[in-house]
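Chemist: Please find target29.txt (compact mmCIF, C-alpha atoms) on the next line:
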```txt
# COMPACT_ATOMS: atom_id res chain seq x y z
CA MET F 1 24.57 -7.43 11.83
CA ASP F 2 24.39 -8.98 8.37
CA ARG F 3 22.25 -7.08 5.89
CA ILE F 4 19.74 -4.24 6.14
CA GLY F 5 16.79 -3.85 3.77
CA ILE F 6 15.46 -0.32 3.32
CA PHE F 7 12.07 0.35 1.75
CA ALA F 8 12.71 3.90 0.59
CA GLY F 9 11.35 6.46 -1.86
CA THR F 10 11.33 9.36 0.61
CA THR F 11 13.78 11.91 1.97
CA GLU F 12 14.18 9.72 5.05
CA GLY F 13 14.95 6.64 2.94
CA ARG F 14 17.58 8.49 0.93
CA ILE F 15 19.29 9.86 4.05
CA LEU F 16 19.29 6.45 5.71
CA ALA F 17 20.71 4.75 2.63
CA GLU F 18 23.49 7.32 2.32
CA GLN F 19 24.45 7.40 6.00
CA LEU F 20 24.29 3.65 6.60
CA ASP F 21 26.29 3.05 3.43
CA ASP F 22 28.95 5.48 4.70
CA MET F 23 29.01 3.60 7.99
CA GLY F 24 29.83 0.35 6.18
CA ALA F 25 26.43 -1.35 6.36
CA SER F 26 25.50 -3.96 3.76
CA LEU F 27 22.28 -2.72 2.17
CA VAL F 28 19.52 -3.71 -0.18
CA VAL F 29 17.22 -0.80 -1.02
CA SER F 30 13.77 -1.06 -2.57
CA VAL F 31 12.05 1.84 -4.35
CA ALA F 32 8.76 1.84 -6.23
CA THR F 33 9.80 3.75 -9.36
CA ASP F 34 12.75 4.55 -11.61
CA TYR F 35 12.42 8.14 -10.45
CA GLY F 36 12.89 6.97 -6.86
CA LYS F 37 16.02 5.09 -7.89
CA GLU F 38 17.47 8.17 -9.59
CA ALA F 39 16.99 10.16 -6.38
CA LEU F 40 19.04 7.70 -4.31
CA PRO F 41 22.73 8.35 -3.65
CA LYS F 42 25.29 6.08 -5.28
CA LEU F 43 25.94 3.23 -2.89
CA LYS F 44 29.46 1.95 -2.28
CA ARG F 45 28.02 -1.48 -1.68
CA GLY F 46 24.59 -3.00 -1.91
CA TYR F 47 21.75 -3.57 -4.34
CA ILE F 48 18.78 -1.41 -5.44
CA HIS F 49 15.47 -2.99 -6.44
CA THR F 50 12.98 -0.96 -8.51
CA GLY F 51 9.27 -1.76 -8.69
CA ARG F 52 6.25 -2.14 -6.44
CA MET F 53 5.87 -5.47 -4.61
CA SER F 54 3.07 -7.28 -2.81
CA GLY F 55 3.60 -8.48 0.75
CA MET F 56 4.51 -11.99 -0.47
CA GLU F 57 6.92 -10.58 -3.04
CA MET F 58 8.51 -8.48 -0.31
CA ALA F 59 8.91 -11.60 1.84
CA GLY F 60 10.65 -13.38 -1.05
CA PHE F 61 12.83 -10.31 -1.63
CA LEU F 62 13.92 -10.23 2.02
CA LYS F 63 14.70 -13.97 2.03
CA LYS F 64 16.58 -13.85 -1.27
CA HIS F 65 18.89 -11.10 -0.08
CA GLN F 66 19.29 -12.60 3.41
CA VAL F 67 18.05 -9.44 5.10
CA THR F 68 18.17 -9.50 8.90
CA LEU F 69 16.66 -6.06 9.56
CA ALA F 70 14.04 -4.26 7.47
CA ILE F 71 13.55 -0.49 7.73
CA ASP F 72 10.24 0.89 6.49
CA ALA F 73 11.11 4.44 5.35
CA THR F 74 8.13 4.80 3.01
CA HIS F 75 5.97 7.93 2.83
CA PRO F 76 3.73 8.63 5.87
CA TYR F 77 0.67 8.37 3.56
CA ALA F 78 1.76 5.08 1.96
CA LYS F 79 -0.36 3.07 4.40
CA ASP F 80 -0.73 0.05 2.12
CA ALA F 81 3.03 -0.22 1.59
CA THR F 82 3.59 -0.12 5.35
CA ARG F 83 1.00 -2.88 5.86
CA GLN F 84 2.64 -5.05 3.21
CA ILE F 85 6.09 -4.55 4.73
CA GLU F 86 4.73 -5.47 8.14
CA LEU F 87 3.17 -8.65 6.71
CA ALA F 88 6.41 -9.57 4.92
CA CYS F 89 8.41 -9.18 8.12
CA LYS F 90 5.94 -11.30 10.10
CA GLU F 91 6.09 -13.98 7.39
CA THR F 92 9.89 -14.10 7.45
CA GLY F 93 10.47 -13.39 11.15
CA ILE F 94 12.65 -10.40 10.28
CA ARG F 95 12.79 -7.45 12.64
CA ARG F 96 11.13 -4.29 11.29
CA ILE F 97 11.79 -0.67 12.19
CA ARG F 98 9.40 2.06 11.10
CA CYS F 99 11.31 5.24 10.26
CA LEU F 100 8.95 8.14 10.79
CA ARG F 101 8.69 11.61 9.36
CA GLY F 102 8.05 14.11 12.13
CA ARG F 103 4.86 16.15 12.10
CA GLU F 104 5.17 19.85 11.45
CA ILE F 105 6.02 21.87 14.56
CA TRP F 106 5.00 25.50 14.22
CA THR F 107 5.78 28.56 16.29
CA ARG F 108 2.94 30.34 18.06
CA GLU F 109 3.06 33.06 15.41
CA GLU F 110 2.87 30.55 12.54
CA ARG F 111 -0.07 28.78 14.15
CA LYS F 112 -1.91 32.07 14.63
CA GLU F 113 -1.25 33.08 11.02
CA LEU F 114 -2.01 29.76 9.33
CA SER F 115 -4.64 27.87 11.33
CA PRO F 116 -7.61 29.95 10.04
CA TRP F 117 -6.72 28.96 6.46
CA ILE F 118 -6.48 25.19 7.04
CA ARG F 119 -9.37 22.79 6.61
CA ARG F 120 -8.59 19.13 7.34
CA PHE F 121 -10.23 16.08 5.73
CA SER F 122 -9.94 12.33 6.21
CA GLY F 123 -9.10 11.63 2.55
CA ALA F 124 -9.02 12.77 -1.06
CA LEU F 125 -12.59 11.65 -1.76
CA GLU F 126 -13.92 13.80 1.08
CA ILE F 127 -12.09 16.85 -0.28
CA ALA F 128 -13.36 16.15 -3.80
CA GLN F 129 -16.93 15.91 -2.51
CA TRP F 130 -16.51 19.23 -0.67
CA LEU F 131 -15.14 20.88 -3.83
CA LYS F 132 -18.01 19.67 -6.03
CA GLY F 133 -20.28 22.43 -4.80
CA ARG F 134 -17.71 25.20 -5.10
CA GLU F 135 -16.31 27.14 -8.03
CA GLY F 136 -12.73 28.08 -8.81
CA ASN F 137 -9.45 26.57 -9.92
CA ILE F 138 -7.55 24.10 -7.77
CA LEU F 139 -3.81 23.53 -7.29
CA LEU F 140 -3.56 19.85 -6.46
CA THR F 141 -0.26 18.87 -4.79
CA THR F 142 -1.16 15.41 -3.49
CA GLY F 143 0.49 13.44 -6.32
CA SER F 144 -0.74 11.37 -9.21
CA ARG F 145 -1.97 8.45 -7.09
CA GLU F 146 -4.68 10.62 -5.49
CA LEU F 147 -5.69 12.29 -8.74
CA ALA F 148 -8.52 9.94 -9.75
CA ALA F 149 -10.52 10.89 -6.64
CA PHE F 150 -10.92 14.42 -8.01
CA CYS F 151 -12.39 13.44 -11.38
CA GLN F 152 -15.88 13.83 -9.89
CA ILE F 153 -15.38 17.61 -9.67
CA PRO F 154 -17.34 19.44 -12.41
CA GLN F 155 -15.03 20.71 -15.17
CA PHE F 156 -12.18 18.68 -13.64
CA GLU F 157 -9.94 18.94 -16.70
CA ASN F 158 -10.36 22.73 -16.81
CA ARG F 159 -10.23 23.56 -13.10
CA VAL F 160 -7.53 21.25 -11.74
CA TYR F 161 -3.80 21.97 -12.01
CA ALA F 162 -1.93 18.87 -10.83
CA ARG F 163 1.61 19.23 -9.56
CA VAL F 164 3.25 15.81 -9.83
CA LEU F 165 6.72 14.33 -9.96
CA PRO F 166 8.43 14.46 -13.38
CA ASP F 167 8.03 10.70 -13.66
CA PRO F 168 6.69 9.07 -16.87
CA LYS F 169 4.11 7.03 -14.94
CA ALA F 170 2.80 10.11 -13.14
CA LEU F 171 2.46 11.99 -16.42
CA GLU F 172 0.68 9.03 -17.99
CA ILE F 173 -1.87 8.95 -15.15
CA CYS F 174 -2.55 12.68 -15.59
CA ARG F 175 -3.18 12.28 -19.32
CA GLU F 176 -5.34 9.18 -18.89
CA LEU F 177 -7.58 11.14 -16.50
CA GLY F 178 -7.99 13.98 -18.97
CA LEU F 179 -5.42 16.56 -17.91
CA LYS F 180 -3.10 18.06 -20.49
CA GLY F 181 -0.95 21.07 -21.29
CA ARG F 182 -0.70 23.69 -18.55
CA HIS F 183 -2.83 21.55 -16.24
CA ILE F 184 0.10 19.17 -15.65
CA ILE F 185 2.92 20.72 -13.60
CA ALA F 186 5.76 18.16 -13.58
CA ALA F 187 8.28 19.33 -11.01
CA GLN F 188 10.26 18.07 -8.03
CA GLY F 189 9.66 19.84 -4.71
CA PRO F 190 9.72 20.97 -2.07
CA PHE F 191 9.02 24.53 -3.20
CA SER F 192 9.51 27.89 -1.49
CA VAL F 193 6.62 30.02 -0.28
CA MET F 194 7.24 32.42 -3.15
CA MET F 195 7.17 29.63 -5.75
CA ASN F 196 3.94 28.22 -4.34
CA GLN F 197 2.38 31.68 -4.32
CA ALA F 198 3.49 32.27 -7.91
CA MET F 199 1.80 29.04 -9.03
CA LEU F 200 -1.42 29.83 -7.18
CA LYS F 201 -1.57 33.26 -8.82
CA GLU F 202 -0.46 32.05 -12.27
CA TYR F 203 -3.28 29.50 -12.44
CA ASP F 204 -5.81 31.75 -10.67
CA CYS F 205 -6.44 29.09 -8.01
CA ARG F 206 -8.99 29.49 -5.24
CA PHE F 207 -8.04 26.27 -3.44
CA LEU F 208 -4.82 24.44 -2.57
CA VAL F 209 -5.03 20.71 -1.87
CA THR F 210 -2.14 19.10 0.01
CA LYS F 211 -1.09 16.40 2.43
CA ASP F 212 0.37 17.03 5.88
CA SER F 213 3.74 15.88 4.56
CA GLY F 214 5.90 17.58 7.17
CA ARG F 215 8.84 19.93 6.78
CA GLU F 216 10.57 17.54 4.36
CA GLY F 217 7.55 17.66 2.08
CA GLY F 218 7.25 21.46 2.10
CA PHE F 219 3.96 21.50 4.01
CA LEU F 220 4.66 24.75 5.86
CA GLU F 221 5.62 26.55 2.65
CA LYS F 222 2.44 25.42 0.91
CA VAL F 223 0.15 26.50 3.74
CA LYS F 224 1.93 29.86 4.07
CA ALA F 225 1.50 30.44 0.35
CA ALA F 226 -2.22 29.65 0.56
CA ALA F 227 -2.72 31.96 3.56
CA ARG F 228 -0.80 34.81 1.97
CA THR F 229 -2.76 34.40 -1.25
CA GLY F 230 -6.00 34.43 0.74
CA ILE F 231 -7.23 30.94 -0.16
CA PRO F 232 -7.94 27.82 1.94
CA ALA F 233 -5.48 24.94 2.21
CA LEU F 234 -7.46 21.67 2.07
CA VAL F 235 -5.38 19.08 3.90
CA ILE F 236 -5.59 15.28 3.78
CA ASP F 237 -4.85 14.37 7.39
CA ARG F 238 -2.41 11.59 8.30
CA GLY F 239 -4.85 9.90 10.65
CA GLU F 240 -3.62 7.91 13.63
CA ALA F 241 -0.07 8.55 14.77
CA GLU F 242 2.41 5.75 14.11
CA THR F 243 5.12 4.51 16.44
CA GLY F 244 8.70 4.22 15.29
CA MET F 245 12.03 6.04 15.11
CA THR F 246 13.26 9.21 13.46
CA VAL F 247 16.18 9.07 11.03
CA ASP F 248 18.60 10.18 13.76
CA GLU F 249 17.24 7.58 16.16
CA VAL F 250 17.72 4.80 13.58
CA ILE F 251 21.32 5.90 12.94
CA ASN F 252 22.08 6.12 16.67
CA TRP F 253 20.52 2.71 17.24
CA TYR F 254 22.62 1.21 14.44
CA GLU F 255 25.81 2.72 15.89
CA ARG F 256 25.06 1.15 19.28
CA GLN F 257 24.46 -2.25 17.66
CA THR F 258 27.77 -2.17 15.78
CA ARG F 259 29.68 -1.43 19.00
CA LYS F 260 28.40 -4.59 20.70
```
What does this structure look like when you write it as structure tokens?

Modeler:
Amino acid sequence: MDRIGIFAGTTEGRILAEQLDDMGASLVVSVATDYGKEALPKLKRGYIHTGRMSGMEMAGFLKKHQVTLAIDATHPYAKDATRQIELACKETGIRRIRCLRGREIWTREERKELSPWIRRFSGALEIAQWLKGREGNILLTTGSRELAAFCQIPQFENRVYARVLPDPKALEICRELGLKGRHIIAAQGPFSVMMNQAMLKEYDCRFLVTKDSGREGGFLEKVKAAARTGIPALVIDRGEAETGMTVDEVINWYERQTRK
């Protein structure tokens, strides 16, 4: 196998890059932001590209670096990125593997405790519309890219507390949309139940908005914090289930290929 291209920016992408690099694979890794690059392990070999790309740009990137296998390890909610990677692989004839983040698996006790506090929505706009007719502060943990959808909420700049990555672009988006001071919480998760509870209480929040980002994204801890604070967790659902491999399955598959 010649060279593997990893579209990363997630926990799964970082683990794959580190483990495949340790196994001697030749890698090129693509991340969207400088922050994503900083989170990657130091590679013994290989190249890291920083910056968002269109499908055609991805195709050129794959050709330039003579990639023979592309692994899409982007975030489960980054649907557009996944579509662009799929198009790039079709254009170049390169095999693509989708590396998936598992959905949260709860115990019976957790489901009994948490389910009454969860309300699921198809997207950020639907949640924002639902919140328009309700009062109270909101802890928004869906990231800066979803933030604009919530500007329609009355008193947005006073009610919303946005928890975003400590990335200059994310902070710029928050300020452009009218948030400032205490309303911007720049911090890298995932966070413990206690930390999430502390934030909800500190900002006197009556709603928590989150994505179903799995165990790696701290979804369970966020929902537990909401339930134990006595407020609803408004969840952007993932939608249709994707097909692909887990991190362990990708590593095992790669090991089998190298033995041939």

Chemist: Please identify all polymer residues within 12 Å of F:Tyr161, counting only C-alpha atoms, omitting same-chain residues fewer than 2 positions from it, and present them as a PDB file with C-alpha atoms, keeping the file's coordinate frame.

Modeler:
```
ATOM      1  CA  GLY F 136     -12.730  28.080  -8.810  1.00  0.00           C
ATOM      2  CA  ASN F 137      -9.450  26.570  -9.920  1.00  0.00           C
ATOM      3  CA  ILE F 138      -7.550  24.100  -7.770  1.00  0.00           C
ATOM      4  CA  LEU F 139      -3.810  23.530  -7.290  1.00  0.00           C
ATOM      5  CA  LEU F 140      -3.560  19.850  -6.460  1.00  0.00           C
ATOM      6  CA  THR F 141      -0.260  18.870  -4.790  1.00  0.00           C
ATOM      7  CA  THR F 142      -1.160  15.410  -3.490  1.00  0.00           C
ATOM      8  CA  GLY F 143       0.490  13.440  -6.320  1.00  0.00           C
ATOM      9  CA  SER F 144      -0.740  11.370  -9.210  1.00  0.00           C
ATOM     10  CA  LEU F 147      -5.690  12.290  -8.740  1.00  0.00           C
ATOM     11  CA  PHE F 150     -10.920  14.420  -8.010  1.00  0.00           C
ATOM     12  CA  GLN F 155     -15.030  20.710 -15.170  1.00  0.00           C
ATOM     13  CA  PHE F 156     -12.180  18.680 -13.640  1.00  0.00           C
ATOM     14  CA  GLU F 157      -9.940  18.940 -16.700  1.00  0.00           C
ATOM     15  CA  ASN F 158     -10.360  22.730 -16.810  1.00  0.00           C
ATOM     16  CA  ARG F 159     -10.230  23.560 -13.100  1.00  0.00           C
ATOM     17  CA  ARG F 163       1.610  19.230  -9.560  1.00  0.00           C
ATOM     18  CA  VAL F 164       3.250  15.810  -9.830  1.00  0.00           C
ATOM     19  CA  CYS F 174      -2.550  12.680 -15.590  1.00  0.00           C
ATOM     20  CA  GLY F 178      -7.990  13.980 -18.970  1.00  0.00           C
ATOM     21  CA  LEU F 179      -5.420  16.560 -17.910  1.00  0.00           C
ATOM     22  CA  LYS F 180      -3.100  18.060 -20.490  1.00  0.00           C
ATOM     23  CA  GLY F 181      -0.950  21.070 -21.290  1.00  0.00           C
ATOM     24  CA  ARG F 182      -0.700  23.690 -18.550  1.00  0.00           C
ATOM     25  CA  HIS F 183      -2.830  21.550 -16.240  1.00  0.00           C
ATOM     26  CA  ILE F 184       0.100  19.170 -15.650  1.00  0.00           C
ATOM     27  CA  ILE F 185       2.920  20.720 -13.600  1.00  0.00           C
ATOM     28  CA  ALA F 186       5.760  18.160 -13.580  1.00  0.00           C
ATOM     29  CA  MET F 199       1.800  29.040  -9.030  1.00  0.00           C
ATOM     30  CA  LEU F 200      -1.420  29.830  -7.180  1.00  0.00           C
ATOM     31  CA  LYS F 201      -1.570  33.260  -8.820  1.00  0.00           C
ATOM     32  CA  GLU F 202      -0.460  32.050 -12.270  1.00  0.00           C
ATOM     33  CA  TYR F 203      -3.280  29.500 -12.440  1.00  0.00           C
ATOM     34  CA  ASP F 204      -5.810  31.750 -10.670  1.00  0.00           C
ATOM     35  CA  CYS F 205      -6.440  29.090  -8.010  1.00  0.00           C
ATOM     36  CA  ARG F 206      -8.990  29.490  -5.240  1.00  0.00           C
ATOM     37  CA  PHE F 207      -8.040  26.270  -3.440  1.00  0.00           C
ATOM     38  CA  LEU F 208      -4.820  24.440  -2.570  1.00  0.00           C
ATOM     39  CA  VAL F 209      -5.030  20.710  -1.870  1.00  0.00           C
TER      40      VAL F 209
END
```

Chemist: If I put a ball of radius 12 Å at (-20.2, 19.5, -4.8) in the file's coordinates, which residues poke into it when counting only C-alpha atoms, written as a list of chain:residue names?

Modeler: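 With a cut-off of 12 Å, the residues come to F:Leu125, F:Glu126, F:Ile127, F:Ala128, F:Gln129, F:Trp130, F:Leu131, F:Lys132, F:Gly133, F:Arg134, F:Glu135, F:Phe150, F:Cys151, F:Gln152, F:Ile153, F:Pro154, F:Gln155, F:Phe156.
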
Chemist: How would the residues just chosen look if you wrote them out with C-alpha atoms as a JSON list (two decimals), in the coordinates of the input?

Modeler:
```json
[["chain", "number", "residue", "atom", "x", "y", "z"],
["F", 125, "LEU", "CA", -12.59, 11.65, -1.76],
["F", 126, "GLU", "CA", -13.92, 13.80, 1.08],
["F", 127, "ILE", "CA", -12.09, 16.85, -0.28],
["F", 128, "ALA", "CA", -13.36, 16.15, -3.80],
["F", 129, "GLN", "CA", -16.93, 15.91, -2.51],
["F", 130, "TRP", "CA", -16.51, 19.23, -0.67],
["F", 131, "LEU", "CA", -15.14, 20.88, -3.83],
["F", 132, "LYS", "CA", -18.01, 19.67, -6.03],
["F", 133, "GLY", "CA", -20.28, 22.43, -4.80],
["F", 134, "ARG", "CA", -17.71, 25.20, -5.10],
["F", 135, "GLU", "CA", -16.31, 27.14, -8.03],
["F", 150, "PHE", "CA", -10.92, 14.42, -8.01],
["F", 151, "CYS", "CA", -12.39, 13.44, -11.38],
["F", 152, "GLN", "CA", -15.88, 13.83, -9.89],
["F", 153, "ILE", "CA", -15.38, 17.61, -9.67],
["F", 154, "PRO", "CA", -17.34, 19.44, -12.41],
["F", 155, "GLN", "CA", -15.03, 20.71, -15.17],
["F", 156, "PHE", "CA", -12.18, 18.68, -13.64]]
```

Chemist: In terms of the shortest atom-to-atom distance over all atoms listed in the file, which of F:Ile4, F:Ala148, F:Leu43, F:Leu234 is closest to F:Ala25?

Modeler: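 Smallest distance to F:Ala25 is found for F:Ile4.
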
Chemist: Can you pull out every residue within 7 Å of F:Tyr47, counting only C-alpha atoms, but drop anything in the same chain fewer than 4 positions away, and send it as a list in words?

Modeler: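 Listed by chain and then number, they are Leu27, Val28 and Val29 of chain F.
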
Chemist: Could you state the separation of atom CA of F:Val223 and atom CA of F:Arg14 in Å, given to one decimal place?

Modeler: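 The value is 25.2 Å.
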
Chemist: Please report the interatomic distance between atom CA of F:Thr210 and atom CA of F:Ile173 in Å with one decimal.

Modeler: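 Straight-line distance from atom CA of F:Thr210 to atom CA of F:Ile173 works out to 18.2 Å.
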
Chemist: At what distance in Å, to one decimal, does atom CA of F:Ala233 lie from atom CA of F:Ile118?

Modeler: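 Atom-to-atom, atom CA of F:Ile118 to atom CA of F:Ala233, that is 4.9 Å.
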
Chemist: Every residue with an atom at most 12 Å from (11.2, -15.4, 11.7) (file coordinates; all atoms listed in the file) is what I'm after, so could you write them as a PDB file with C-alpha atoms, in the frame of the given file?

Modeler:
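Written file, out_22.pdb:
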```
ATOM      1  CA  ALA F  59       8.910 -11.600   1.840  1.00  0.00           C
ATOM      2  CA  LEU F  62      13.920 -10.230   2.020  1.00  0.00           C
ATOM      3  CA  LYS F  63      14.700 -13.970   2.030  1.00  0.00           C
ATOM      4  CA  GLN F  66      19.290 -12.600   3.410  1.00  0.00           C
ATOM      5  CA  VAL F  67      18.050  -9.440   5.100  1.00  0.00           C
ATOM      6  CA  THR F  68      18.170  -9.500   8.900  1.00  0.00           C
ATOM      7  CA  LEU F  69      16.660  -6.060   9.560  1.00  0.00           C
ATOM      8  CA  LEU F  87       3.170  -8.650   6.710  1.00  0.00           C
ATOM      9  CA  ALA F  88       6.410  -9.570   4.920  1.00  0.00           C
ATOM     10  CA  CYS F  89       8.410  -9.180   8.120  1.00  0.00           C
ATOM     11  CA  LYS F  90       5.940 -11.300  10.100  1.00  0.00           C
ATOM     12  CA  GLU F  91       6.090 -13.980   7.390  1.00  0.00           C
ATOM     13  CA  THR F  92       9.890 -14.100   7.450  1.00  0.00           C
ATOM     14  CA  GLY F  93      10.470 -13.390  11.150  1.00  0.00           C
ATOM     15  CA  ILE F  94      12.650 -10.400  10.280  1.00  0.00           C
ATOM     16  CA  ARG F  95      12.790  -7.450  12.640  1.00  0.00           C
ATOM     17  CA  ARG F  96      11.130  -4.290  11.290  1.00  0.00           C
TER      18      ARG F  96
END
```

Chemist: Between F:Pro168, F:Pro190, F:Gly244, F:Pro41, which is the closest to F:Leu220 once you count all atoms listed in the file?

Modeler: F:Pro190
